[in-house]
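Asker: Input structure: my_file34.tsv, which contains TSV, C-alpha atoms (C1' of nucleotides).
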```
chain	number	residue	atom	x	y	z
O	495	MET	CA	234.17	44.77	157.77
O	496	ARG	CA	237.00	42.24	157.98
O	497	ILE	CA	236.72	38.60	158.90
O	498	GLY	CA	237.53	38.99	162.58
O	499	GLU	CA	234.82	41.55	163.13
O	500	ALA	CA	232.26	39.54	161.15
O	501	ALA	CA	233.11	36.41	163.08
O	502	ALA	CA	232.80	38.22	166.40
O	503	ALA	CA	229.47	39.71	165.35
O	504	ALA	CA	228.14	36.24	164.64
O	505	GLY	CA	229.76	34.63	167.67
O	506	MET	CA	231.97	32.44	165.51
O	507	THR	CA	235.65	32.04	164.77
O	508	THR	CA	237.44	33.21	161.65
O	509	LYS	CA	238.26	29.57	161.00
O	510	ALA	CA	234.58	28.76	160.83
O	511	LEU	CA	233.88	31.55	158.35
O	512	ARG	CA	236.61	30.38	155.99
O	513	TYR	CA	235.38	26.87	156.42
O	514	TYR	CA	231.83	27.88	155.52
O	515	GLU	CA	233.14	29.64	152.47
O	516	GLY	CA	234.99	26.49	151.43
O	517	ARG	CA	231.86	24.43	152.00
O	518	GLY	CA	229.77	26.76	149.87
O	519	LEU	CA	227.66	28.33	152.61
O	520	LEU	CA	229.18	31.73	152.08
O	521	PRO	CA	229.90	33.22	148.67
O	522	ALA	CA	233.47	34.21	147.90
O	523	PRO	CA	233.66	37.69	149.41
O	524	VAL	CA	235.02	40.86	147.91
O	525	ARG	CA	238.71	41.27	148.64
O	526	ASN	CA	240.15	44.67	149.34
O	527	ALA	CA	243.54	45.90	148.13
O	528	ASN	CA	245.60	43.85	150.57
O	529	GLY	CA	243.72	40.63	149.88
O	530	TYR	CA	241.65	40.71	153.05
O	531	ARG	CA	238.07	39.46	152.86
O	532	GLU	CA	235.51	42.24	153.12
O	533	TYR	CA	232.07	41.45	154.50
O	534	THR	CA	228.78	43.32	154.79
O	535	GLN	CA	225.70	43.05	156.95
O	536	ALA	CA	224.29	40.53	154.48
O	537	THR	CA	227.03	38.12	155.52
O	538	ILE	CA	226.16	38.62	159.17
O	539	ASN	CA	222.52	37.84	158.43
O	540	ARG	CA	223.65	34.70	156.67
O	541	LEU	CA	225.84	33.72	159.59
O	542	HIS	CA	222.98	34.26	161.99
O	543	PHE	CA	220.86	31.98	159.90
O	544	ILE	CA	223.60	29.36	159.88
O	545	ARG	CA	223.74	29.61	163.64
O	546	ARG	CA	220.02	29.10	163.99
O	547	GLY	CA	220.20	26.17	161.62
O	548	ARG	CA	223.04	24.62	163.60
O	549	ALA	CA	221.09	25.14	166.80
O	550	ALA	CA	218.30	23.16	165.17
O	551	ALA	CA	220.90	20.46	164.47
O	552	LEU	CA	220.73	20.92	160.73
O	553	SER	CA	223.90	19.83	158.98
O	554	LEU	CA	225.96	22.34	157.03
O	555	THR	CA	224.91	20.50	153.88
O	556	GLN	CA	221.23	20.99	154.69
O	557	ILE	CA	221.79	24.63	155.55
O	558	ARG	CA	223.67	25.13	152.31
O	559	GLU	CA	220.71	23.71	150.42
O	560	ILE	CA	218.35	26.23	152.01
O	561	LEU	CA	220.75	29.07	151.29
O	562	ARG	CA	221.03	28.00	147.67
O	563	LEU	CA	217.28	28.05	147.23
O	564	ARG	CA	217.10	31.52	148.73
O	565	ASP	CA	220.01	32.65	146.55
O	566	ALA	CA	218.23	31.25	143.51
O	567	GLY	CA	215.38	33.64	144.26
O	568	GLU	CA	213.04	30.96	145.53
O	569	THR	CA	211.33	30.84	148.90
O	570	PRO	CA	212.81	27.82	150.65
O	571	CYS	CA	209.69	27.33	152.82
O	572	THR	CA	208.48	24.07	151.33
O	573	HIS	CA	211.95	22.63	151.32
O	574	VAL	CA	212.48	23.64	154.93
O	575	GLN	CA	209.16	22.11	155.90
O	576	ASP	CA	210.24	18.80	154.38
O	577	LEU	CA	213.60	19.07	156.08
O	578	LEU	CA	212.03	19.70	159.46
O	579	SER	CA	209.62	16.78	159.03
O	580	ARG	CA	212.42	14.40	158.23
O	581	GLU	CA	214.55	15.74	161.03
O	582	LEU	CA	211.73	15.33	163.48
O	583	SER	CA	211.29	11.70	162.56
O	584	ASP	CA	215.06	11.15	162.64
O	585	LEU	CA	215.12	12.64	166.12
O	586	ASP	CA	212.26	10.41	167.19
O	587	ASP	CA	214.18	7.39	165.90
O	588	GLN	CA	217.34	8.45	167.70
O	589	ILE	CA	215.45	9.05	170.92
O	590	ALA	CA	213.73	5.68	170.69
O	591	GLU	CA	217.08	4.00	170.13
O	592	LEU	CA	218.68	5.78	173.07
O	593	VAL	CA	215.75	4.96	175.32
O	594	SER	CA	215.98	1.34	174.35
O	595	LEU	CA	219.69	1.37	175.08
O	596	ARG	CA	218.98	3.06	178.38
O	597	ASP	CA	216.58	0.24	179.27
O	598	THR	CA	219.22	-2.33	178.44
O	599	VAL	CA	221.80	-0.60	180.59
O	600	ALA	CA	219.32	-0.13	183.41
O	601	GLU	CA	218.64	-3.85	183.37
O	602	PHE	CA	222.36	-4.62	183.46
O	603	GLN	CA	222.57	-2.33	186.43
O	604	ARG	CA	219.73	-4.11	188.22
O	605	ASN	CA	221.56	-7.40	187.62
O	606	ALA	CA	224.73	-5.84	188.94
O	607	GLU	CA	223.08	-4.87	192.20
O	608	ARG	CA	222.18	-8.46	192.90
O	609	ALA	CA	225.48	-9.83	191.68
O	610	ASP	CA	227.71	-12.10	193.70
O	611	PRO	CA	231.37	-11.62	192.70
O	612	ASP	CA	232.28	-15.06	194.01
O	613	SER	CA	229.80	-16.96	191.89
O	614	CYS	CA	230.93	-15.13	188.78
O	615	ASP	CA	232.44	-17.23	186.00
O	616	PRO	CA	235.81	-15.68	185.06
O	617	ALA	CA	235.59	-17.13	181.55
O	618	GLN	CA	232.61	-14.91	180.94
O	619	ILE	CA	234.61	-11.88	182.15
O	620	CYS	CA	231.58	-10.22	183.69
O	621	SER	CA	228.29	-11.98	184.27
O	622	PHE	CA	226.03	-8.99	184.19
O	623	ILE	CA	226.92	-7.57	180.84
V	79	MET	CA	241.84	-21.84	165.24
V	80	ARG	CA	242.94	-19.13	162.85
V	81	ILE	CA	241.73	-15.55	162.76
V	82	GLY	CA	239.04	-16.06	160.13
V	83	GLU	CA	237.38	-18.84	162.07
V	84	ALA	CA	237.59	-16.96	165.35
V	85	ALA	CA	236.14	-13.85	163.75
V	86	ALA	CA	233.28	-15.83	162.21
V	87	ALA	CA	232.59	-17.53	165.55
V	88	ALA	CA	232.22	-14.15	167.18
V	89	GLY	CA	230.35	-12.55	164.30
V	90	MET	CA	233.15	-10.11	163.64
V	91	THR	CA	235.66	-9.39	160.91
V	92	THR	CA	239.35	-10.28	160.95
V	93	LYS	CA	240.02	-6.55	160.75
V	94	ALA	CA	238.19	-6.03	164.02
V	95	LEU	CA	240.19	-8.75	165.79
V	96	ARG	CA	243.52	-7.27	164.73
V	97	TYR	CA	242.23	-3.87	165.73
V	98	TYR	CA	241.23	-5.13	169.18
V	99	GLU	CA	244.67	-6.63	169.57
V	100	GLY	CA	246.24	-3.29	168.65
V	101	ARG	CA	243.97	-1.53	171.13
V	102	GLY	CA	244.90	-3.93	173.91
V	103	LEU	CA	241.58	-5.75	174.21
V	104	LEU	CA	243.09	-9.01	173.04
V	105	PRO	CA	246.50	-10.28	174.16
V	106	ALA	CA	249.08	-10.96	171.46
V	107	PRO	CA	248.16	-14.47	170.36
V	108	VAL	CA	250.41	-17.46	169.82
V	109	ARG	CA	251.71	-17.62	166.28
V	110	ASN	CA	252.11	-20.93	164.53
V	111	ALA	CA	254.99	-21.85	162.23
V	112	ASN	CA	253.82	-19.76	159.28
V	113	GLY	CA	253.20	-16.68	161.39
V	114	TYR	CA	249.43	-17.04	161.51
V	115	ARG	CA	247.65	-16.05	164.71
V	116	GLU	CA	246.33	-19.02	166.64
V	117	TYR	CA	243.29	-18.55	168.89
V	118	THR	CA	241.52	-20.67	171.48
V	119	GLN	CA	238.06	-20.76	173.00
V	120	ALA	CA	239.24	-18.24	175.60
V	121	THR	CA	239.58	-15.68	172.82
V	122	ILE	CA	236.06	-16.42	171.63
V	123	ASN	CA	234.73	-15.87	175.16
V	124	ARG	CA	236.57	-12.59	175.25
V	125	LEU	CA	235.15	-11.58	171.90
V	126	HIS	CA	231.65	-12.45	173.05
V	127	PHE	CA	232.16	-10.24	176.07
V	128	ILE	CA	233.39	-7.42	173.84
V	129	ARG	CA	230.27	-7.84	171.73
V	130	ARG	CA	228.01	-7.64	174.75
V	131	GLY	CA	229.88	-4.59	175.96
V	132	ARG	CA	229.55	-2.93	172.56
V	133	ALA	CA	225.84	-3.77	172.53
V	134	ALA	CA	225.63	-1.92	175.84
V	135	ALA	CA	227.34	1.00	174.08
V	136	LEU	CA	230.48	0.73	176.16
V	137	SER	CA	233.53	2.13	174.42
V	138	LEU	CA	236.46	-0.11	173.58
V	139	THR	CA	238.43	1.79	176.18
V	140	GLN	CA	235.89	0.99	178.88
V	141	ILE	CA	235.74	-2.64	177.82
V	142	ARG	CA	239.52	-2.84	177.89
V	143	GLU	CA	239.48	-1.56	181.44
V	144	ILE	CA	237.11	-4.33	182.52
V	145	LEU	CA	239.21	-6.94	180.76
V	146	ARG	CA	242.34	-5.69	182.46
V	147	LEU	CA	240.79	-5.99	185.88
V	148	ARG	CA	239.69	-9.52	185.11
V	149	ASP	CA	243.15	-10.33	183.72
V	150	ALA	CA	244.70	-8.91	186.88
V	151	GLY	CA	242.77	-11.54	188.82
V	152	GLU	CA	240.27	-9.12	190.26
V	153	THR	CA	236.52	-9.28	189.97
V	154	PRO	CA	235.53	-6.25	187.93
V	155	CYS	CA	232.05	-6.09	189.47
V	156	THR	CA	232.44	-2.86	191.39
V	157	HIS	CA	234.12	-1.16	188.49
V	158	VAL	CA	231.40	-2.31	186.13
V	159	GLN	CA	228.73	-1.06	188.51
V	160	ASP	CA	230.32	2.38	188.50
V	161	LEU	CA	230.65	2.27	184.75
V	162	LEU	CA	226.99	1.38	184.31
V	163	SER	CA	225.88	4.12	186.70
V	164	ARG	CA	227.80	6.73	184.84
V	165	GLU	CA	226.65	5.44	181.50
V	166	LEU	CA	223.05	5.51	182.65
V	167	SER	CA	223.31	9.13	183.67
V	168	ASP	CA	225.13	9.98	180.43
V	169	LEU	CA	222.33	8.36	178.51
V	170	ASP	CA	219.77	10.30	180.49
V	171	ASP	CA	221.59	13.51	179.65
V	172	GLN	CA	221.78	12.62	175.99
V	173	ILE	CA	218.11	11.72	175.89
V	174	ALA	CA	217.14	14.95	177.63
V	175	GLU	CA	219.20	16.92	175.15
V	176	LEU	CA	217.68	15.15	172.17
V	177	VAL	CA	214.16	15.62	173.54
V	178	SER	CA	214.82	19.30	174.03
V	179	LEU	CA	216.10	19.53	170.48
V	180	ARG	CA	213.05	17.65	169.29
V	181	ASP	CA	210.83	20.20	171.00
V	182	THR	CA	212.70	23.03	169.31
V	183	VAL	CA	212.36	21.42	165.92
V	184	ALA	CA	208.69	20.64	166.52
V	185	GLU	CA	208.09	24.28	167.32
V	186	PHE	CA	209.87	25.34	164.15
V	187	GLN	CA	207.62	22.97	162.30
V	188	ARG	CA	204.49	24.44	163.87
V	189	ASN	CA	205.70	27.88	162.79
V	190	ALA	CA	206.34	26.54	159.33
V	191	GLU	CA	202.79	25.32	158.99
V	192	ARG	CA	201.46	28.81	159.56
V	193	ALA	CA	204.12	30.47	157.47
V	194	ASP	CA	203.39	32.81	154.63
V	195	PRO	CA	206.16	32.67	152.01
V	196	ASP	CA	205.26	36.12	150.69
V	197	SER	CA	205.65	37.88	153.99
V	198	CYS	CA	209.02	36.28	154.56
V	199	ASP	CA	212.01	38.58	154.81
V	200	PRO	CA	214.66	37.34	152.36
V	201	ALA	CA	217.43	38.90	154.44
V	202	GLN	CA	216.57	36.51	157.19
V	203	ILE	CA	216.83	33.57	154.72
V	204	CYS	CA	214.05	31.64	156.41
V	205	SER	CA	211.72	33.11	158.99
V	206	PHE	CA	210.83	29.94	160.81
V	207	ILE	CA	214.25	28.74	161.71
I	585	DC	C1'	251.68	-25.62	137.60
I	586	DT	C1'	248.02	-22.79	138.71
I	587	DG	C1'	244.08	-21.11	140.96
I	588	DT	C1'	242.02	-19.56	145.09
I	589	DA	C1'	241.38	-19.02	149.74
I	590	DC	C1'	243.58	-17.99	153.44
I	591	DC	C1'	247.06	-15.21	156.15
I	592	DT	C1'	250.76	-11.18	157.12
I	593	DT	C1'	252.04	-6.01	157.65
I	594	DC	C1'	251.42	-1.34	156.22
I	595	DC	C1'	249.26	2.77	155.04
I	596	DC	C1'	245.36	5.58	153.71
I	597	DC	C1'	240.19	6.63	154.04
I	598	DT	C1'	235.78	7.32	156.15
I	599	DT	C1'	232.00	11.32	159.09
I	600	DA	C1'	231.47	16.37	160.76
I	601	DG	C1'	232.95	20.41	161.83
I	602	DA	C1'	236.05	22.58	162.63
I	603	DG	C1'	240.89	23.79	165.49
I	604	DG	C1'	246.15	24.26	165.58
I	605	DG	C1'	249.89	26.10	163.88
I	606	DA	C1'	253.54	27.34	160.31
I	607	DA	C1'	255.23	30.75	157.09
I	608	DG	C1'	254.46	34.96	155.47
I	609	DG	C1'	252.07	39.73	154.25
I	610	DT	C1'	249.83	44.32	156.18
I	611	DC	C1'	248.97	48.13	158.98
I	612	DA	C1'	248.66	51.41	162.76
I	613	DA	C1'	250.66	52.94	167.18
I	614	DG	C1'	254.40	54.13	170.16
Z	165	DC	C1'	262.00	50.78	163.99
Z	166	DT	C1'	259.70	47.51	165.99
Z	167	DT	C1'	255.98	45.40	168.26
Z	168	DG	C1'	251.51	43.47	168.07
Z	169	DA	C1'	247.29	42.60	166.09
Z	170	DC	C1'	245.39	41.51	162.21
Z	171	DC	C1'	245.13	38.90	157.78
Z	172	DT	C1'	246.52	35.14	153.93
Z	173	DT	C1'	247.09	30.08	152.34
Z	174	DC	C1'	248.28	25.41	153.36
Z	175	DC	C1'	248.59	21.32	155.72
Z	176	DC	C1'	247.89	18.37	159.82
Z	177	DT	C1'	245.02	16.71	163.79
Z	178	DC	C1'	241.06	15.48	166.35
Z	179	DT	C1'	236.95	11.25	167.75
Z	180	DA	C1'	235.55	6.02	167.07
Z	181	DA	C1'	235.83	1.94	165.21
Z	182	DG	C1'	237.23	-0.05	161.98
Z	183	DG	C1'	237.17	-0.69	156.22
Z	184	DG	C1'	239.82	-0.84	151.72
Z	185	DG	C1'	243.33	-2.34	149.35
Z	186	DA	C1'	248.37	-3.12	148.11
Z	187	DA	C1'	252.24	-6.26	148.21
Z	188	DG	C1'	253.55	-10.43	149.53
Z	189	DG	C1'	253.68	-15.30	151.98
Z	190	DT	C1'	251.23	-20.08	152.62
Z	191	DA	C1'	248.53	-24.17	151.92
Z	192	DC	C1'	245.78	-27.21	149.50
Z	193	DA	C1'	242.95	-28.93	145.46
Z	194	DG	C1'	242.69	-30.08	140.71
```
Taking this structure as input, can you express it in the form of structure tokens?

Answerer:
Amino acid sequence: MRIGEAAAAAGMTTKALRYYEGRGLLPAPVRNANGYREYTQATINRLHFIRRGRAAALSLTQIREILRLRDAGETPCTHVQDLLSRELSDLDDQIAELVSLRDTVAEFQRNAERADPDSCDPAQICSFI
Amino acid sequence: MRIGEAAAAAGMTTKALRYYEGRGLLPAPVRNANGYREYTQATINRLHFIRRGRAAALSLTQIREILRLRDAGETPCTHVQDLLSRELSDLDDQIAELVSLRDTVAEFQRNAERADPDSCDPAQICSFI
DNA sequence: CTGTACCTTCCCCTTAGAGGGAAGGTCAAG
DNA sequence: CTTGACCTTCCCTCTAAGGGGAAGGTACAG
């Protein structure tokens, strides 16, 4: 099938497929006589995997690494387990940071509720930030 | 004082100060005879406010808005209250999204612990993502 | 006179993951 | 015969907040 059909089948754009090819997530496809890329079901499977990886917030670089292991005939399981562990702790860090920021902002907001515009020092711009 | 001293006093770089000027967060400063920017304590106050705003994860655009209100002789309190409310709910959304992603990844990881590499379908690339 | 520590403007580079659009080739239908 | 829907490559643009570095001016110490 051609690129448009493959992209539609994976719920992606043709731009994305060419981009993935350029980034090394898709192998250079067979070209037919007119130069058009020709894809098979294997490409669709790959695209579905990329989608699942993206949904899990893996970067294209991480996904490429998994694909390379699989292409090299290895089972990427161990690698993926490591990846997921690190991602989980990254996510925990990000969440903790956001929660801390949220607390800061919430405190600013509490200050703001009690604020008196008239007693505010203009030199400080805004007294409750 | 010159830009280097002002930047140091605010814990910023000279690049940042010029950038803030370009973005409209700092007014065009007085230039002395050799063309150097000349700053006063008012600039430092402004820079400290910008720092506090950044620490509260406000964007430069949002900070500029607050500064403009203050420069226009208004008290930016009400505006800042709105800004903080919206930011708080944005943060809550972001946190909820990250937590949901974390749950997804954690589930993938639980699957991965029980995974059997030999029963994995290569066409699917990786069965637990 | 020279070094060096400032300052100026100007333009390009960074991250991530594409999207927009130009200029041109291909192919089937009406 | 032409229209329209595909496809190709190539280059530019986006967000945010600056950083890097070139080419050149300035000021002061030794």

Asker: With all atoms listed in the file counted and 12 Å as the cut-off, give the residues of chain Z in contact with chain V, each with its shortest interatomic distance in Å and the pair that gives it, as a tab-separated table.

Answerer:
```
residue	atom	partner	partner_atom	distance
Z:DT179	C1'	V:Ser137	CA	11.8
Z:DA180	C1'	V:Ser137	CA	8.6
Z:DA181	C1'	V:Ala94	CA	8.4
Z:DG182	C1'	V:Ala94	CA	6.4
Z:DG183	C1'	V:Lys93	CA	7.9
Z:DG184	C1'	V:Lys93	CA	10.7
Z:DG189	C1'	V:Asn112	CA	8.6
Z:DT190	C1'	V:Asn112	CA	7.2
Z:DA191	C1'	V:Asn112	CA	10.1
```

Asker: Residues near DG185 (chain Z), anyone? I mean within 12 Å using all atoms listed in the file, not counting same-chain ones fewer than 4 positions away, as a PyMOL selection string.

Answerer: chain I and resi 594-597

Asker: Counting only C-alpha atoms (C1' of nucleotides), collect the residues of chain I whose closest atom lies at most 9 Å from chain V, and write them out as a list in words.

Answerer: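 Residues of chain I within 9 Å of chain V, counting only C-alpha atoms (C1' of nucleotides): DC590, DC591 and DT592 of chain I.
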
Asker: How many Å separate C1' of DC178 (chain Z) from CA of Tyr533 (chain O)?

Answerer: 29.9 Å

Asker: Between CA of Arg180 (chain V) and CA of Thr598 (chain O), what is the distance in Å, rounded to a tenth?

Answerer: 22.8 Å

Asker: Check every residue of chain O for an atom within 8 Å of chain V, counting all atoms listed in the file, and provide those that qualify as a short mmCIF file (atom, residue, chain, number, x, y, z; two decimals) with C-alpha atoms, keeping the file's coordinate frame.

Answerer:
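Once written, result_13.cif looks like this:
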```cif
data_model
loop_
_atom_site.label_atom_id
_atom_site.label_comp_id
_atom_site.auth_asym_id
_atom_site.auth_seq_id
_atom_site.Cartn_x
_atom_site.Cartn_y
_atom_site.Cartn_z
CA ALA O 536 224.29 40.53 154.48
CA ASN O 539 222.52 37.84 158.43
CA ARG O 540 223.65 34.70 156.67
CA PHE O 543 220.86 31.98 159.90
CA ARG O 546 220.02 29.10 163.99
CA GLY O 547 220.20 26.17 161.62
CA ALA O 550 218.30 23.16 165.17
CA ALA O 551 220.90 20.46 164.47
CA ILE O 560 218.35 26.23 152.01
CA LEU O 561 220.75 29.07 151.29
CA ARG O 564 217.10 31.52 148.73
CA THR O 569 211.33 30.84 148.90
CA PRO O 570 212.81 27.82 150.65
CA CYS O 571 209.69 27.33 152.82
CA GLN O 575 209.16 22.11 155.90
CA LEU O 578 212.03 19.70 159.46
CA SER O 579 209.62 16.78 159.03
CA GLU O 581 214.55 15.74 161.03
CA LEU O 582 211.73 15.33 163.48
CA LEU O 585 215.12 12.64 166.12
CA ASP O 586 212.26 10.41 167.19
CA ILE O 589 215.45 9.05 170.92
CA LEU O 592 218.68 5.78 173.07
CA VAL O 593 215.75 4.96 175.32
CA LEU O 595 219.69 1.37 175.08
CA ARG O 596 218.98 3.06 178.38
CA THR O 598 219.22 -2.33 178.44
CA VAL O 599 221.80 -0.60 180.59
CA ALA O 600 219.32 -0.13 183.41
CA PHE O 602 222.36 -4.62 183.46
CA GLN O 603 222.57 -2.33 186.43
CA ALA O 606 224.73 -5.84 188.94
CA GLU O 607 223.08 -4.87 192.20
CA ALA O 609 225.48 -9.83 191.68
CA PRO O 611 231.37 -11.62 192.70
CA PRO O 616 235.81 -15.68 185.06
CA ALA O 617 235.59 -17.13 181.55
CA GLN O 618 232.61 -14.91 180.94
CA ILE O 619 234.61 -11.88 182.15
CA CYS O 620 231.58 -10.22 183.69
CA ILE O 623 226.92 -7.57 180.84
#
```

Asker: Enclose region 546-562 of chain O, meaning all of its atoms listed in the file, in a box aligned along x, y and z, pad it by 3 Å on each side, and list the centre and edge lengths in Å to one decimal, as JSON.

Answerer:
```
{"center_x": 222.1, "center_y": 24.5, "center_z": 157.2, "size_x": 13.7, "size_y": 15.3, "size_z": 25.1}
```

Asker: Applying 12 Å and only C-alpha atoms (C1' of nucleotides), which residues near DT177 (chain Z) remain after dropping the ones on its own chain fewer than 5 positions away? List them as number ranges by chain.

Answerer: I: 602-605

Asker: Quote the spacing between CA of Gln556 (chain O) and CA of Ser178 (chain V) in Å to one decimal place.

Answerer: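 For CA of Gln556 (chain O) relative to CA of Ser178 (chain V), the distance reads 20.4 Å.
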